[in-house]
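Below: one structure, written as structure tokens.
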Amino acid sequence: MVTLPSDVEDLLFTKHQLISKMRKGQVYIDHTTSTPSLARKIYDACKEKGVKALDIPVGGGDAMAKAGQVKAFCGGDEEAFQQIRPILQAYSIEQILFGGPGSGQSTKATMQILLASSLYGTCEGLIYAGRAGLNQQKVVEIIKDGAAKCYALSFYGLSLIHI
């Protein structure tokens, strides 16, 4: 998996020009977390060659990827999605097509915005608990499964205390 949008552009359009080497009927899958505009650019360039293109960033992090438990946020055409879905099912627990080109990237951006705001709130809550003289570890333990339950608190809460 290529990690940066600039690397994807280099591979496909500038340095290596892989787009020019693609053949009609192939399906290009991009798992890079990128921009919707780059996904649309790739889609359009592939379409000109008779190649189907899907933007499919994944969520779940390294641990989930190693366990084959990522979620696939898909953007592109229904036909291409259905064609490669069995491949996605081999390494992801959920695959959803959200719409046309760029939709996968937009969905991943939505997830990142929600996670960032949740993480920010978790940090603020733990700072408050510390300033109030509370044992932050006990606070995390008691509220992590209640109404304030969230991924940021459950996954990062205890490690944030020690920063």
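Following the order of the structure tokens, first chain is A, next is B, and so on, with residues numbered from 1 inside each chain and ligands from 1 in the order they appear.
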
Would you pick out the contacts of Val58 of chain A at 6 Å or less, using only C-alpha atoms, so that residues sharing its chain but fewer than 2 positions from it are not included, and give the list as an mmCIF file with all heavy atoms, in the first residue's frame?
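Once written, result.cif looks like this:
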```cif
data_model
loop_
_atom_site.group_PDB
_atom_site.id
_atom_site.type_symbol
_atom_site.label_atom_id
_atom_site.label_comp_id
_atom_site.auth_asym_id
_atom_site.auth_seq_id
_atom_site.Cartn_x
_atom_site.Cartn_y
_atom_site.Cartn_z
ATOM 1 N N LYS A 71 -12.086 -2.103 7.876
ATOM 2 C CA LYS A 71 -13.327 -1.763 7.179
ATOM 3 C C LYS A 71 -12.946 -1.003 5.919
ATOM 4 O O LYS A 71 -12.056 -0.156 5.949
ATOM 5 C CB LYS A 71 -14.229 -0.919 8.066
ATOM 6 C CG LYS A 71 -14.716 -1.716 9.271
ATOM 7 C CD LYS A 71 -15.760 -0.984 10.045
ATOM 8 C CE LYS A 71 -16.245 -1.895 11.165
ATOM 9 N NZ LYS A 71 -17.536 -1.496 11.661
ATOM 10 N N ALA A 72 -13.597 -1.333 4.821
ATOM 11 C CA ALA A 72 -13.265 -0.747 3.523
ATOM 12 C C ALA A 72 -14.314 0.282 3.135
ATOM 13 O O ALA A 72 -15.489 -0.039 2.998
ATOM 14 C CB ALA A 72 -13.173 -1.844 2.468
ATOM 15 N N PHE A 73 -13.880 1.538 2.953
ATOM 16 C CA PHE A 73 -14.746 2.648 2.567
ATOM 17 C C PHE A 73 -14.602 2.820 1.051
ATOM 18 O O PHE A 73 -13.595 3.338 0.586
ATOM 19 C CB PHE A 73 -14.332 3.929 3.274
ATOM 20 C CG PHE A 73 -14.100 3.773 4.754
ATOM 21 C CD1 PHE A 73 -12.837 3.939 5.294
ATOM 22 C CD2 PHE A 73 -15.142 3.450 5.608
ATOM 23 C CE1 PHE A 73 -12.621 3.803 6.661
ATOM 24 C CE2 PHE A 73 -14.941 3.316 6.972
ATOM 25 C CZ PHE A 73 -13.674 3.489 7.504
#
```

Write out as a short mmCIF file (atom, residue, chain, number, x, y, z; two decimals) with all heavy atoms, in the first residue's frame each polymer residue whose atoms come within 7 Å of segment 25-28 of chain A, counting only C-alpha atoms; drop sequence neighbours fewer than 5 positions from it.
```cif
data_model
loop_
_atom_site.label_atom_id
_atom_site.label_comp_id
_atom_site.auth_asym_id
_atom_site.auth_seq_id
_atom_site.Cartn_x
_atom_site.Cartn_y
_atom_site.Cartn_z
N GLY A 50 -10.29 2.40 -20.32
CA GLY A 50 -11.16 1.24 -20.20
C GLY A 50 -10.90 0.44 -18.94
O GLY A 50 -11.24 -0.74 -18.84
N VAL A 51 -10.27 1.09 -17.96
CA VAL A 51 -9.94 0.47 -16.67
C VAL A 51 -10.92 0.97 -15.62
O VAL A 51 -11.29 2.15 -15.61
CB VAL A 51 -8.49 0.83 -16.26
CG1 VAL A 51 -8.16 0.34 -14.86
CG2 VAL A 51 -7.50 0.28 -17.28
N LYS A 52 -11.37 0.08 -14.77
CA LYS A 52 -12.25 0.47 -13.67
C LYS A 52 -11.37 0.88 -12.49
O LYS A 52 -10.34 0.25 -12.23
CB LYS A 52 -13.15 -0.70 -13.27
CG LYS A 52 -14.05 -1.16 -14.40
CD LYS A 52 -14.77 -2.43 -14.01
CE LYS A 52 -15.55 -2.99 -15.20
NZ LYS A 52 -16.10 -4.31 -14.91
N ALA A 53 -11.78 1.92 -11.78
CA ALA A 53 -10.99 2.40 -10.64
C ALA A 53 -11.89 2.58 -9.43
O ALA A 53 -13.00 3.08 -9.53
CB ALA A 53 -10.31 3.73 -10.98
N LEU A 54 -11.38 2.15 -8.29
CA LEU A 54 -12.08 2.29 -7.02
C LEU A 54 -11.15 2.93 -6.00
O LEU A 54 -9.98 2.54 -5.89
CB LEU A 54 -12.53 0.93 -6.49
CG LEU A 54 -13.56 0.19 -7.34
CD1 LEU A 54 -13.59 -1.28 -6.98
CD2 LEU A 54 -14.94 0.81 -7.14
#
```

Identify, with DSSP run on backbone atoms, the residues in segment 22-91 of chain A assigned to strand (DSSP E), and express the list as a ChimeraX atom specification.
-> /A:27-30,52-55,58-59,70-74

Segment 8-70 of chain A near segment 81-100 of chain A within 9 Å: what's each residue's closest atom pair and its distance in Å to one decimal, counting only C-alpha atoms, ordered by chain then ascending residue number, as a tab-separated table?
```
residue	atom	partner	partner_atom	distance
A:Val27	CA	A:Ile84	CA	8.1
A:Ile29	CA	A:Ile84	CA	8.9
A:Arg40	CA	A:Gly100	CA	8.6
A:Leu54	CA	A:Phe81	CA	7.3
A:Ile56	CA	A:Leu97	CA	8.9
A:Val58	CA	A:Ser92	CA	8.4
A:Met64	CA	A:Ser92	CA	8.9
A:Ala65	CA	A:Tyr91	CA	7.5
A:Lys66	CA	A:Tyr91	CA	8.8
A:Ala67	CA	A:Tyr91	CA	8.1
A:Gly68	CA	A:Tyr91	CA	4.3
A:Gln69	CA	A:Ser92	CA	5.0
A:Val70	CA	A:Ser92	CA	4.7
```

Could you save those same residues with N, CA and C atoms as an mmCIF file, in the first residue's frame?
```
data_model
loop_
_atom_site.group_PDB
_atom_site.id
_atom_site.type_symbol
_atom_site.label_atom_id
_atom_site.label_comp_id
_atom_site.auth_asym_id
_atom_site.auth_seq_id
_atom_site.Cartn_x
_atom_site.Cartn_y
_atom_site.Cartn_z
ATOM 1 N N VAL A 27 -8.942 -3.693 -13.130
ATOM 2 C CA VAL A 27 -9.527 -2.901 -12.049
ATOM 3 C C VAL A 27 -8.384 -2.375 -11.187
ATOM 4 N N ILE A 29 -7.359 -0.610 -7.746
ATOM 5 C CA ILE A 29 -7.843 -0.379 -6.383
ATOM 6 C C ILE A 29 -6.811 0.479 -5.665
ATOM 7 N N ARG A 40 -10.987 11.117 -7.982
ATOM 8 C CA ARG A 40 -11.730 11.410 -9.215
ATOM 9 C C ARG A 40 -10.792 11.532 -10.413
ATOM 10 N N LEU A 54 -11.376 2.149 -8.292
ATOM 11 C CA LEU A 54 -12.078 2.294 -7.016
ATOM 12 C C LEU A 54 -11.150 2.934 -6.000
ATOM 13 N N ILE A 56 -10.550 3.033 -2.204
ATOM 14 C CA ILE A 56 -10.974 2.221 -1.067
ATOM 15 C C ILE A 56 -9.995 2.378 0.102
ATOM 16 N N VAL A 58 -8.979 2.263 3.945
ATOM 17 C CA VAL A 58 -9.465 1.356 4.981
ATOM 18 C C VAL A 58 -9.308 1.997 6.344
ATOM 19 N N MET A 64 -5.677 -3.997 13.323
ATOM 20 C CA MET A 64 -6.844 -4.550 12.630
ATOM 21 C C MET A 64 -6.456 -5.063 11.242
ATOM 22 N N ALA A 65 -5.528 -4.388 10.592
ATOM 23 C CA ALA A 65 -5.078 -4.837 9.270
ATOM 24 C C ALA A 65 -4.399 -6.197 9.375
ATOM 25 N N LYS A 66 -3.543 -6.352 10.371
ATOM 26 C CA LYS A 66 -2.849 -7.631 10.558
ATOM 27 C C LYS A 66 -3.820 -8.757 10.856
ATOM 28 N N ALA A 67 -4.925 -8.421 11.502
ATOM 29 C CA ALA A 67 -5.936 -9.424 11.854
ATOM 30 C C ALA A 67 -6.976 -9.622 10.754
ATOM 31 N N GLY A 68 -6.860 -8.871 9.650
ATOM 32 C CA GLY A 68 -7.838 -8.958 8.574
ATOM 33 C C GLY A 68 -9.188 -8.411 8.981
ATOM 34 N N GLN A 69 -9.186 -7.404 9.834
ATOM 35 C CA GLN A 69 -10.413 -6.861 10.405
ATOM 36 C C GLN A 69 -10.678 -5.407 10.040
ATOM 37 N N VAL A 70 -10.053 -4.901 8.977
ATOM 38 C CA VAL A 70 -10.286 -3.507 8.598
ATOM 39 C C VAL A 70 -11.667 -3.346 7.977
#
```

Between A:Pro101, A:Leu4, A:Gln17, A:Asp10, which one has atoms that come closest to Pro36 of chain A, using only C-alpha atoms?
-> A:Pro101

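Coordinates place atom CA of Met111 of chain A at a distance of 25.3 Å from atom CA of Asp44 of chain A.
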
Could you please determine the separation between atom CA of Ala148 of chain A and atom CA of Gly61 of chain A in Å, to one decimal place?
-> 22.3 Å

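Comparing the minimum interatomic distances between Ser34 of chain A and each of A:Ala80, A:Ser103, A:Lys47, A:Thr14, counting only C-alpha atoms, we find that A:Ser103 sits nearest.
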
Taking only residues of segment 66-151 of chain A that have an atom at most 7 Å from an atom of segment 157-163 of chain A, what is each one's shortest atom pair and its distance in Å to one decimal, using only C-alpha atoms, in chain and number order, as CSV?
```
residue,atom,partner,partner_atom,distance
A:Gln136,CA,A:Ile161,CA,6.7
A:Gln137,CA,A:Leu158,CA,6.3
A:Val140,CA,A:Gly157,CA,6.3
```

All helix (DSSP H, G or I) residues (DSSP, backbone) inside chain A, as a VMD selection string | chain A and resid 5 to 12 18 to 21 36 to 48 61 to 66 78 to 89 103 to 131 136 to 143 151 to 161

All residues 12 Å or closer to Ser117 of chain A, only C-alpha atoms, same chain fewer than 4 positions away omitted, as a PyMOL selection string | chain A and resi 110-113+121-124+150-153

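Between atom CA of Gly104 of chain A and atom CA of Ala39 of chain A the interatomic distance comes to 8.7 Å.
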
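Closest approach to Thr32 of chain A among A:Lys15, A:Gln105, A:Leu126, A:Glu48: A:Gln105, based on only C-alpha atoms.
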
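Candidate residues A:Lys41, A:Pro5, A:Tyr156, A:Cys46 were compared for distance to Ala116 of chain A, and the nearest is A:Tyr156, using only C-alpha atoms.
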